[in-house]
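Q: Have a peek at coords13.csv (CSV, C-alpha atoms).
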chain,number,residue,atom,x,y,z
A,1,GLY,CA,-26.0,46.4,-29.1
A,2,GLN,CA,-26.5,42.7,-29.4
A,3,PRO,CA,-29.2,41.3,-27.1
A,4,VAL,CA,-27.7,39.3,-24.3
A,5,ARG,CA,-29.4,36.8,-22.1
A,6,LEU,CA,-28.1,36.8,-18.5
A,7,TYR,CA,-30.8,34.7,-17.0
A,8,VAL,CA,-31.7,31.1,-17.0
A,9,LYS,CA,-35.1,30.2,-18.3
A,10,GLY,CA,-37.4,28.3,-16.0
A,11,ALA,CA,-40.8,26.8,-16.4
A,12,LEU,CA,-43.5,27.4,-13.8
A,13,VAL,CA,-44.6,24.0,-13.0
A,14,GLY,CA,-47.1,24.8,-10.3
A,15,TYR,CA,-47.5,25.7,-6.7
A,16,LYS,CA,-46.2,23.9,-3.7
A,17,GLY,CA,-48.9,21.5,-2.6
A,18,SER,CA,-49.7,18.4,-0.7
A,19,LYS,CA,-52.3,15.7,-1.4
A,20,VAL,CA,-55.3,18.0,-0.8
A,21,ASN,CA,-53.9,21.5,-0.5
A,22,GLN,CA,-52.1,24.0,-2.6
A,23,TYR,CA,-49.8,26.7,-1.1
A,24,HIS,CA,-49.8,29.6,-3.5
A,25,HIS,CA,-47.1,31.5,-1.6
A,26,THR,CA,-44.5,29.1,-3.1
A,27,SER,CA,-44.2,28.3,-6.7
A,28,LEU,CA,-42.2,25.5,-8.3
A,29,VAL,CA,-39.9,26.2,-11.1
A,30,LYS,CA,-38.2,23.7,-13.4
A,31,VAL,CA,-34.9,25.1,-14.2
A,32,GLN,CA,-33.7,24.6,-17.8
A,33,GLY,CA,-30.6,22.5,-17.9
A,34,LEU,CA,-30.8,21.4,-14.3
A,35,ALA,CA,-31.3,17.6,-13.9
A,36,ASP,CA,-30.2,17.1,-10.3
A,37,SER,CA,-31.0,18.8,-7.1
A,38,LYS,CA,-27.3,18.8,-6.0
A,39,ASP,CA,-26.4,21.2,-8.8
A,40,GLY,CA,-29.4,23.2,-7.8
A,41,ASP,CA,-27.5,24.8,-4.9
A,42,PHE,CA,-26.0,27.3,-7.4
A,43,TYR,CA,-29.4,28.9,-7.8
A,44,LEU,CA,-30.3,29.3,-4.2
A,45,GLY,CA,-31.0,32.9,-3.4
A,46,LYS,CA,-30.9,34.0,-7.0
A,47,ARG,CA,-33.5,36.5,-8.0
A,48,VAL,CA,-36.4,35.3,-10.2
A,49,ALA,CA,-38.6,37.4,-12.4
A,50,TYR,CA,-42.0,36.6,-13.7
A,51,VAL,CA,-42.4,38.9,-16.7
A,52,TYR,CA,-45.8,39.4,-18.2
A,53,LYS,CA,-47.8,41.9,-20.2
A,54,GLY,CA,-50.6,44.0,-19.0
A,55,LYS,CA,-53.4,45.5,-21.1
A,56,ASN,CA,-52.6,49.1,-20.1
A,57,SER,CA,-49.1,50.5,-20.4
A,58,LYS,CA,-47.7,51.7,-17.2
A,59,ARG,CA,-44.7,53.9,-16.4
A,60,ASN,CA,-41.6,52.0,-15.4
A,61,PRO,CA,-40.5,53.8,-12.2
A,62,ARG,CA,-36.8,53.4,-12.8
A,63,THR,CA,-36.5,54.2,-16.5
A,64,GLY,CA,-39.5,56.4,-16.8
A,65,GLU,CA,-40.7,54.7,-19.9
A,66,GLN,CA,-44.2,53.6,-20.6
A,67,SER,CA,-44.5,49.9,-21.1
A,68,ASN,CA,-46.9,47.0,-21.1
A,69,LEU,CA,-44.3,44.8,-19.6
A,70,ARG,CA,-44.7,44.1,-15.9
A,71,VAL,CA,-42.6,42.0,-13.4
A,72,ILE,CA,-43.2,40.1,-10.2
A,73,TRP,CA,-39.9,39.6,-8.5
A,74,GLY,CA,-39.0,36.7,-6.3
A,75,ARG,CA,-36.1,34.5,-5.1
A,76,VAL,CA,-35.2,30.9,-5.3
A,77,THR,CA,-35.6,29.6,-1.8
A,78,ARG,CA,-34.6,25.9,-2.0
A,79,THR,CA,-34.5,22.9,-4.2
A,80,HIS,CA,-37.6,20.7,-4.6
A,81,GLY,CA,-37.3,17.0,-5.2
A,82,ARG,CA,-34.4,15.4,-7.1
A,83,SER,CA,-35.0,16.4,-10.7
A,84,GLY,CA,-34.0,19.9,-11.0
A,85,VAL,CA,-37.1,21.7,-9.7
A,86,VAL,CA,-36.6,24.6,-7.4
A,87,ARG,CA,-38.9,26.5,-5.1
A,88,ALA,CA,-39.4,30.2,-5.4
A,89,LYS,CA,-41.2,32.8,-3.4
A,90,PHE,CA,-42.4,36.0,-5.0
A,91,ARG,CA,-43.2,39.4,-3.6
A,92,SER,CA,-46.8,38.6,-4.3
A,93,ASN,CA,-48.2,35.2,-5.2
A,94,LEU,CA,-48.1,34.4,-8.8
A,95,PRO,CA,-51.4,34.3,-10.6
A,96,PRO,CA,-52.7,30.9,-11.8
A,97,LYS,CA,-52.5,32.3,-15.3
A,98,SER,CA,-48.7,31.9,-14.9
A,99,LEU,CA,-48.7,28.2,-14.7
A,100,GLY,CA,-46.8,26.7,-17.6
A,101,GLY,CA,-45.3,30.0,-18.3
A,102,THR,CA,-41.6,31.1,-18.3
A,103,VAL,CA,-39.8,32.7,-15.5
A,104,ARG,CA,-36.3,34.3,-15.5
A,105,ILE,CA,-33.8,33.1,-13.0
A,106,MET,CA,-31.2,35.9,-12.8
A,107,LEU,CA,-27.5,35.2,-12.1
A,108,TYR,CA,-27.5,37.5,-9.1
B,1,ARG,CA,-22.3,47.8,62.4
B,2,ALA,CA,-22.8,44.9,64.6
B,3,GLY,CA,-26.1,44.2,66.2
B,4,ARG,CA,-26.6,44.3,69.9
B,5,VAL,CA,-24.5,41.6,71.5
B,6,GLU,CA,-25.5,39.7,74.5
B,7,ARG,CA,-23.6,40.8,77.5
B,8,SER,CA,-23.1,38.6,80.5
B,9,GLY,CA,-22.5,39.9,84.0
B,10,ALA,CA,-18.8,40.6,83.8
B,11,VAL,CA,-18.2,44.0,82.2
B,12,GLN,CA,-15.5,46.4,83.2
B,13,ASN,CA,-15.4,50.1,82.8
B,14,ARG,CA,-12.2,52.0,82.2
B,15,SER,CA,-11.0,52.2,85.7
B,16,GLY,CA,-11.4,48.5,86.1
B,17,GLN,CA,-14.6,48.4,88.2
B,18,GLN,CA,-16.9,45.5,87.6
B,19,LEU,CA,-20.2,46.6,86.5
B,20,GLN,CA,-23.5,44.9,86.5
B,21,CYS,CA,-25.0,44.8,83.1
B,22,ARG,CA,-28.7,45.2,82.8
B,23,GLU,CA,-29.9,42.4,80.8
B,24,SER,CA,-31.2,43.8,77.7
B,25,ARG,CA,-34.7,43.1,76.9
B,26,SER,CA,-34.3,42.0,73.4
B,27,VAL,CA,-30.9,40.5,73.1
B,28,VAL,CA,-30.3,39.1,69.8
B,29,LYS,CA,-27.0,38.1,68.6
B,30,LYS,CA,-27.0,38.6,65.0
B,31,ASP,CA,-24.3,38.3,62.4
B,32,LYS,CA,-25.9,40.8,60.2
B,33,MET,CA,-27.8,43.9,61.2
B,34,SER,CA,-31.6,43.7,60.9
B,35,SER,CA,-32.6,45.9,58.1
B,36,ARG,CA,-34.1,49.2,58.9
B,37,ASN,CA,-35.7,49.0,55.5
B,38,PRO,CA,-36.7,45.4,54.9
B,39,MET,CA,-37.8,44.1,51.5
B,40,LEU,CA,-41.5,43.5,51.1
B,41,ILE,CA,-41.1,41.6,47.9
B,42,LYS,CA,-38.1,41.3,45.7
B,43,GLY,CA,-37.1,44.8,44.5
B,44,VAL,CA,-39.6,46.6,46.7
B,45,ARG,CA,-38.6,48.1,50.1
B,46,THR,CA,-40.9,49.0,52.9
B,47,TYR,CA,-39.9,52.6,53.1
B,48,GLY,CA,-39.5,55.0,50.3
B,49,ARG,CA,-36.5,57.2,49.8
B,50,SER,CA,-37.3,60.0,52.2
B,51,LYS,CA,-38.6,57.7,54.9
B,52,ALA,CA,-35.6,55.5,54.7
B,53,TYR,CA,-33.4,58.6,54.9
B,54,SER,CA,-34.9,59.6,58.2
B,55,ARG,CA,-35.0,56.1,59.6
B,56,LYS,CA,-31.3,55.6,58.9
B,57,GLN,CA,-30.5,59.0,60.1
B,58,GLN,CA,-28.5,59.6,57.1
B,59,TRP,CA,-28.2,63.3,57.9
B,60,LYS,CA,-25.7,62.2,60.5
B,61,HIS,CA,-23.5,60.3,58.1
B,62,GLU,CA,-23.6,62.6,55.1
B,63,LYS,CA,-20.1,63.6,54.1
B,64,LYS,CA,-19.3,67.1,53.4
B,65,GLU,CA,-18.1,68.1,50.0
B,66,GLY,CA,-14.4,67.5,49.9
B,67,PRO,CA,-12.1,68.3,47.0
B,68,LYS,CA,-13.7,67.3,43.7
B,69,LYS,CA,-12.6,64.0,42.6
B,70,LYS,CA,-12.7,62.7,39.0
B,71,GLU,CA,-16.4,62.3,38.0
B,72,ARG,CA,-17.3,58.9,37.1
B,73,THR,CA,-20.6,58.1,35.5
B,74,PRO,CA,-21.5,54.7,36.9
B,75,LYS,CA,-23.7,52.4,34.9
B,76,THR,CA,-27.0,52.4,36.5
B,77,SER,CA,-29.8,50.0,35.8
B,78,VAL,CA,-33.3,51.3,35.5
B,79,LEU,CA,-34.2,50.2,39.0
B,80,ARG,CA,-31.4,52.1,40.6
B,81,GLN,CA,-32.2,55.4,38.9
B,82,ARG,CA,-33.8,58.1,40.9
B,83,TYR,CA,-36.0,59.1,38.0
B,84,VAL,CA,-37.6,56.4,35.9
B,85,PRO,CA,-39.6,57.7,32.9
B,86,ALA,CA,-43.3,56.8,32.8
B,87,GLU,CA,-43.0,55.5,29.3
B,88,ARG,CA,-40.2,53.1,28.7
B,89,VAL,CA,-37.7,54.6,26.3
B,90,PRO,CA,-36.0,51.8,24.4
B,91,LYS,CA,-32.3,51.9,24.9
B,92,ARG,CA,-30.1,51.6,21.8
B,93,LEU,CA,-28.4,48.3,21.5
B,94,LYS,CA,-24.7,48.5,22.1
B,95,SER,CA,-24.0,47.1,18.7
B,96,ASN,CA,-25.8,50.1,17.2
B,97,LEU,CA,-24.0,52.8,19.2
B,98,THR,CA,-20.7,52.4,17.5
B,99,ILE,CA,-21.3,51.1,14.1
B,100,LYS,CA,-17.9,50.0,13.0
B,101,LYS,CA,-17.8,50.0,9.3
B,102,ARG,CA,-16.2,46.7,8.3
B,103,LYS,CA,-15.0,46.6,4.7
B,104,THR,CA,-17.0,44.3,2.5
B,105,VAL,CA,-15.2,41.1,1.9
B,106,LEU,CA,-14.4,40.6,-1.7
B,107,LYS,CA,-15.8,37.4,-3.3
B,108,LYS,CA,-13.3,34.7,-4.0
B,109,GLY,CA,-11.6,35.3,-7.3
B,110,ILE,CA,-11.8,39.1,-7.4
B,111,GLN,CA,-8.4,40.5,-7.5
B,112,PRO,CA,-7.0,43.7,-9.0
B,113,GLY,CA,-6.9,42.9,-12.7
B,114,SER,CA,-9.6,40.3,-12.7
B,115,VAL,CA,-12.0,40.2,-15.6
B,116,LEU,CA,-15.6,40.4,-14.3
B,117,ILE,CA,-18.8,39.8,-16.1
B,118,VAL,CA,-21.4,42.5,-15.3
B,119,LEU,CA,-24.8,40.8,-14.7
B,120,SER,CA,-27.2,43.7,-14.6
B,121,GLY,CA,-27.5,47.3,-15.5
B,122,ARG,CA,-26.6,49.4,-18.5
B,123,PHE,CA,-23.5,47.3,-19.3
B,124,MET,CA,-25.1,44.0,-18.8
B,125,GLY,CA,-23.0,41.2,-20.2
B,126,SER,CA,-19.8,43.3,-20.6
B,127,ARG,CA,-16.5,41.9,-19.5
B,128,VAL,CA,-14.7,44.5,-17.4
B,129,VAL,CA,-11.4,44.9,-15.6
B,130,PHE,CA,-11.5,45.2,-11.8
B,131,LEU,CA,-9.3,47.9,-10.5
B,132,LYS,CA,-9.7,48.2,-6.8
B,133,GLN,CA,-12.3,48.1,-4.0
B,134,LEU,CA,-13.5,51.5,-2.8
B,135,ASP,CA,-14.1,52.5,0.8
B,136,SER,CA,-17.9,52.0,0.4
B,137,GLY,CA,-17.2,48.4,-0.6
B,138,LEU,CA,-18.1,48.9,-4.2
B,139,LEU,CA,-15.8,47.7,-6.9
B,140,LEU,CA,-14.1,50.2,-9.2
B,141,VAL,CA,-14.0,48.8,-12.7
B,142,THR,CA,-13.2,50.0,-16.2
B,143,GLY,CA,-13.9,48.5,-19.7
B,144,PRO,CA,-11.4,49.9,-20.7
B,145,TYR,CA,-13.4,52.4,-22.5
B,146,LYS,CA,-11.6,52.1,-25.8
B,147,VAL,CA,-12.1,48.4,-25.8
B,148,ASN,CA,-15.7,47.9,-24.9
B,149,GLY,CA,-17.2,51.3,-24.1
B,150,VAL,CA,-17.4,50.8,-20.3
B,151,PRO,CA,-16.1,53.9,-18.5
B,152,ILE,CA,-14.6,54.0,-15.0
B,153,ARG,CA,-17.5,52.9,-12.9
B,154,ARG,CA,-18.5,51.6,-9.6
B,155,ILE,CA,-20.3,48.3,-9.3
B,156,ASN,CA,-21.6,46.1,-6.5
B,157,GLN,CA,-19.9,42.7,-6.4
B,158,ALA,CA,-23.3,41.0,-6.0
B,159,TYR,CA,-24.0,41.9,-9.7
B,160,VAL,CA,-20.8,40.5,-11.0
B,161,ILE,CA,-19.3,37.1,-11.8
B,162,ALA,CA,-15.6,36.8,-11.4
B,163,THR,CA,-13.8,35.0,-14.1
B,164,SER,CA,-10.4,33.3,-13.8
B,165,THR,CA,-8.9,35.6,-16.5
B,166,THR,CA,-6.7,38.4,-15.2
B,167,VAL,CA,-5.1,41.4,-16.7
B,168,ASP,CA,-1.7,42.5,-15.4
B,169,ILE,CA,-2.3,45.9,-14.0
B,170,SER,CA,0.6,45.9,-11.6
B,171,GLY,CA,2.1,48.8,-13.5
B,172,VAL,CA,-1.0,50.9,-13.5
B,173,LYS,CA,-1.4,53.6,-11.0
B,174,ILE,CA,-5.0,54.6,-10.3
B,175,PRO,CA,-5.4,58.3,-9.5
B,176,GLU,CA,-6.0,59.0,-5.8
B,177,HIS,CA,-8.9,61.3,-6.3
B,178,ILE,CA,-11.0,58.6,-7.8
B,179,ASP,CA,-13.0,57.5,-4.8
B,180,ASP,CA,-16.7,57.3,-3.8
B,181,LYS,CA,-17.1,61.1,-3.8
B,182,TYR,CA,-15.9,61.2,-7.3
B,183,PHE,CA,-19.0,59.3,-8.4
B,184,ALA,CA,-21.4,61.5,-6.5
B,185,ARG,CA,-24.4,62.8,-8.5
B,186,VAL,CA,-23.7,66.1,-10.1
B,187,LYS,CA,-26.2,68.6,-8.8
B,188,ASN,CA,-27.9,70.9,-11.2
B,189,ALA,CA,-26.5,74.4,-11.1
B,190,LYS,CA,-29.9,76.0,-11.3
B,191,GLU,CA,-31.8,75.6,-8.0
B,192,GLY,CA,-35.4,75.1,-7.5
B,193,GLU,CA,-38.0,74.6,-10.1
B,194,GLU,CA,-36.0,76.1,-12.9
B,195,GLY,CA,-33.3,73.6,-12.3
B,196,PHE,CA,-35.7,70.7,-12.1
B,197,PHE,CA,-37.3,71.5,-15.4
B,198,SER,CA,-34.2,72.5,-17.3
B,199,ASN,CA,-32.7,70.1,-19.7
B,200,GLN,CA,-31.0,67.6,-17.4
B,201,GLU,CA,-29.2,65.9,-20.2
B,202,LYS,CA,-26.8,68.8,-20.5
B,203,ILE,CA,-23.6,67.8,-18.8
B,204,ASN,CA,-21.2,70.3,-17.4
B,205,PRO,CA,-18.4,70.4,-20.0
B,206,GLU,CA,-15.7,70.9,-17.4
B,207,TRP,CA,-16.9,67.8,-15.5
B,208,LEU,CA,-16.9,65.8,-18.7
B,209,ALA,CA,-13.4,66.9,-19.7
B,210,LYS,CA,-12.1,65.9,-16.3
B,211,ARG,CA,-13.8,62.5,-16.6
B,212,LYS,CA,-12.2,61.9,-20.0
B,213,GLU,CA,-8.8,62.9,-18.6
B,214,ASP,CA,-9.1,60.4,-15.7
B,215,GLN,CA,-10.3,57.7,-18.1
B,216,LYS,CA,-7.2,58.1,-20.2
B,217,ALA,CA,-5.0,58.1,-17.1
B,218,VAL,CA,-6.4,54.8,-16.0
B,219,ASP,CA,-6.9,53.1,-19.3
B,220,THR,CA,-3.6,53.6,-21.1
B,221,GLY,CA,-1.7,51.2,-18.9
B,222,ILE,CA,-4.4,48.6,-19.0
B,223,VAL,CA,-4.9,48.7,-22.7
B,224,ALA,CA,-1.1,48.2,-23.1
B,225,ALA,CA,-1.3,45.2,-20.9
B,226,ILE,CA,-4.3,43.8,-22.8
B,227,GLU,CA,-2.6,44.1,-26.1
B,228,LYS,CA,0.3,41.9,-24.9
B,229,VAL,CA,-2.0,38.9,-24.5
B,230,GLU,CA,-3.4,37.3,-27.5
B,231,LEU,CA,-7.2,37.5,-28.0
B,232,LEU,CA,-7.7,39.3,-24.7
B,233,ASP,CA,-9.0,42.5,-26.4
B,234,THR,CA,-11.5,40.5,-28.5
B,235,TYR,CA,-12.5,38.7,-25.3
B,236,LEU,CA,-13.2,41.9,-23.5
B,237,LYS,CA,-15.1,43.3,-26.5
B,238,THR,CA,-17.4,40.3,-26.6
B,239,LYS,CA,-20.4,40.3,-24.3
B,240,PHE,CA,-21.2,37.3,-22.2
B,241,THR,CA,-24.5,35.7,-23.0
B,242,LEU,CA,-26.3,32.5,-22.3
B,243,LYS,CA,-27.4,30.3,-25.1
B,244,ASN,CA,-29.6,27.3,-25.4
B,245,GLY,CA,-28.1,24.3,-23.9
B,246,GLN,CA,-25.9,26.3,-21.6
B,247,ALA,CA,-26.4,26.2,-17.9
B,248,PRO,CA,-24.3,28.4,-15.6
B,249,HIS,CA,-24.3,25.9,-12.7
B,250,ALA,CA,-22.2,23.7,-14.9
B,251,MET,CA,-19.9,26.4,-16.2
B,252,LYS,CA,-16.5,27.2,-14.9
B,253,PHE,CA,-15.9,30.9,-15.1
Go through the file and emit its structure as structure tokens.

A:
Amino acid sequence: GQPVRLYVKGALVGYKGSKVNQYHHTSLVKVQGLADSKDGDFYLGKRVAYVYKGKNSKRNPRTGEQSNLRVIWGRVTRTHGRSGVVRAKFRSNLPPKSLGGTVRIMLY
Amino acid sequence: RAGRVERSGAVQNRSGQQLQCRESRSVVKKDKMSSRNPMLIKGVRTYGRSKAYSRKQQWKHEKKEGPKKKERTPKTSVLRQRYVPAERVPKRLKSNLTIKKRKTVLKKGIQPGSVLIVLSGRFMGSRVVFLKQLDSGLLLVTGPYKVNGVPIRRINQAYVIATSTTVDISGVKIPEHIDDKYFARVKNAKEGEEGFFSNQEKINPEWLAKRKEDQKAVDTGIVAAIEKVELLDTYLKTKFTLKNGQAPHAMKF
């Protein structure tokens, strides 16, 4: 039927880093609509999906369909700073290509 | 047994005669008996089992088999066992031996009749009515089917948001046979390769008829309760979706 959106959009701001280093195991996500870190507790533990397209279509193991769409799943681990940014860890580190891209923060 | 005690001169025998006691060569008054099998280092005795047996002359003290008492299996540590396996066999943790199945605690706000928003799966976004919690911990929900097309279904409470809206289902009796086994996958009648390649879309008509019957039995009472409340049927028909500008952390469900 009608398409429904049951996830919150997030922007991939970058990787966790310090002055000289970058830690690719943790990505930073700016959650749309989140301005403070105190409201960010709602998102802790929520699953995050980085959806992207590949050149070759692959079979989705669950539905059996062939699709170009691929996902890297992760979870929101903690808040980051005070302005609505959140840290997320994915099953495999996100590629640098993903920076600036969108990520889906599910409600579960 | 007490150790050898120092004896001074005055000792009497049974008839009362004083006897001279030969001073023992090694007279040691001890509170405890010196061990016949002293420890070399902690946990290791000087003599092994068989040697210690002969030194203690245990054959003298061995009790003969009396009437059989109740057999008790004492808890023995590895060190007290007669046979210790060469490779250490890990022992199961006590907590694993008796896995008590504790019922999953329902999230706050989920009560029979609560309207829930399904977050994932085929019926993503649908608002459904919660009926009861099954033994497996999963929630039993229904659309109702006539309202929004969601049949009697099981769902995990992790994939659900509880809303404050409730439907009065106090008058509804859920059939007893609808439990976890009811939702088990229907095995294909044809076994083996033939069954695997046969058209798995074909559903057993008997099974389907029964499902429809159960759906009606559950839903009639709920639909009646829904129609009493204004706009509740439209509410359940509408799917939940997020729009631009909406943030779930700021929403009250």

Q: Please determine, counting only C-alpha atoms, which residue among A:Gln32, A:Thr26, A:Asn21, A:Gln66 has the shortest atom-to-atom distance to A:Arg87.

A: A:Thr26

Q: Could you tell me which of A:His25, A:Arg82, A:Lys16, A:Lys55 comes closest to A:Asp41 if we count all atoms listed in the file?

A: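 Of the candidates, the smallest distance to A:Asp41 is held by A:Arg82.
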
Q: Please find the residues of chain A near chain B - the criterion being any atom within 6 Å, counting all atoms listed in the file - and write them as a count of residues only.

A: 6

Q: Enter the distance from atom CA of B:Leu231 to atom CA of B:Lys146, in Å, rounded to one decimal.

A: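 Computing the Euclidean distance for atom CA of B:Leu231 and atom CA of B:Lys146 yields 15.4 Å.
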
Q: I'd like the neighbourhood of A:Gly14 as a short mmCIF file (atom, residue, chain, number, x, y, z; two decimals) with C-alpha atoms, in the frame of the given file, where a residue qualifies if any of its atoms comes within 12 Å (using only C-alpha atoms), though same-chain residues fewer than 6 positions away should be ignored.

A:
data_model
loop_
_atom_site.label_atom_id
_atom_site.label_comp_id
_atom_site.auth_asym_id
_atom_site.auth_seq_id
_atom_site.Cartn_x
_atom_site.Cartn_y
_atom_site.Cartn_z
CA GLN A 22 -52.10 24.00 -2.60
CA TYR A 23 -49.80 26.70 -1.10
CA HIS A 24 -49.80 29.60 -3.50
CA HIS A 25 -47.10 31.50 -1.60
CA THR A 26 -44.50 29.10 -3.10
CA SER A 27 -44.20 28.30 -6.70
CA LEU A 28 -42.20 25.50 -8.30
CA VAL A 29 -39.90 26.20 -11.10
CA LYS A 30 -38.20 23.70 -13.40
CA HIS A 80 -37.60 20.70 -4.60
CA VAL A 85 -37.10 21.70 -9.70
CA VAL A 86 -36.60 24.60 -7.40
CA ARG A 87 -38.90 26.50 -5.10
CA ALA A 88 -39.40 30.20 -5.40
CA ASN A 93 -48.20 35.20 -5.20
CA LEU A 94 -48.10 34.40 -8.80
CA PRO A 95 -51.40 34.30 -10.60
CA PRO A 96 -52.70 30.90 -11.80
CA LYS A 97 -52.50 32.30 -15.30
CA SER A 98 -48.70 31.90 -14.90
CA LEU A 99 -48.70 28.20 -14.70
CA GLY A 100 -46.80 26.70 -17.60
CA GLY A 101 -45.30 30.00 -18.30
CA THR A 102 -41.60 31.10 -18.30
CA VAL A 103 -39.80 32.70 -15.50
#

Q: List the residues sitting within 6 Å of (-44.2, 47.6, -17.4) in the file's frame, using all atoms listed in the file, as an mmCIF file with C-alpha atoms, in the coordinates of the input.

A:
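As a result, result34.cif now contains:
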data_model
loop_
_atom_site.group_PDB
_atom_site.id
_atom_site.type_symbol
_atom_site.label_atom_id
_atom_site.label_comp_id
_atom_site.auth_asym_id
_atom_site.auth_seq_id
_atom_site.Cartn_x
_atom_site.Cartn_y
_atom_site.Cartn_z
ATOM 1 C CA LYS A 58 -47.700 51.700 -17.200
ATOM 2 C CA ASN A 60 -41.600 52.000 -15.400
ATOM 3 C CA SER A 67 -44.500 49.900 -21.100
ATOM 4 C CA ASN A 68 -46.900 47.000 -21.100
ATOM 5 C CA LEU A 69 -44.300 44.800 -19.600
ATOM 6 C CA ARG A 70 -44.700 44.100 -15.900
#

Q: When you look at A:Tyr43 with a cut-off of 9 Å (counting only C-alpha atoms), what residues show up, excluding the ones that are within fewer than 3 positions of it in the same chain? I need them as a ChimeraX atom specification.

A: /A:39-40,46-47,76-79,86,105-108 /B:249

Q: Can you pull out the residues contacting B:Val115? Cut-off 7 Å, using all atoms listed in the file, and skip same-chain residues under 6 positions away; I want them as a list in words.

A: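 Returned residues: Arg127, Val128, Val129, Phe130, Ala162, Thr163, Thr165 and Thr166 of chain B.
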
Q: Put those residues in a file: C-alpha atoms, as a PDB file, in the frame of the given file.

A:
ATOM      1  CA  ARG B 127     -16.500  41.900 -19.500  1.00  0.00           C
ATOM      2  CA  VAL B 128     -14.700  44.500 -17.400  1.00  0.00           C
ATOM      3  CA  VAL B 129     -11.400  44.900 -15.600  1.00  0.00           C
ATOM      4  CA  PHE B 130     -11.500  45.200 -11.800  1.00  0.00           C
ATOM      5  CA  ALA B 162     -15.600  36.800 -11.400  1.00  0.00           C
ATOM      6  CA  THR B 163     -13.800  35.000 -14.100  1.00  0.00           C
ATOM      7  CA  THR B 165      -8.900  35.600 -16.500  1.00  0.00           C
ATOM      8  CA  THR B 166      -6.700  38.400 -15.200  1.00  0.00           C
TER       9      THR B 166
END
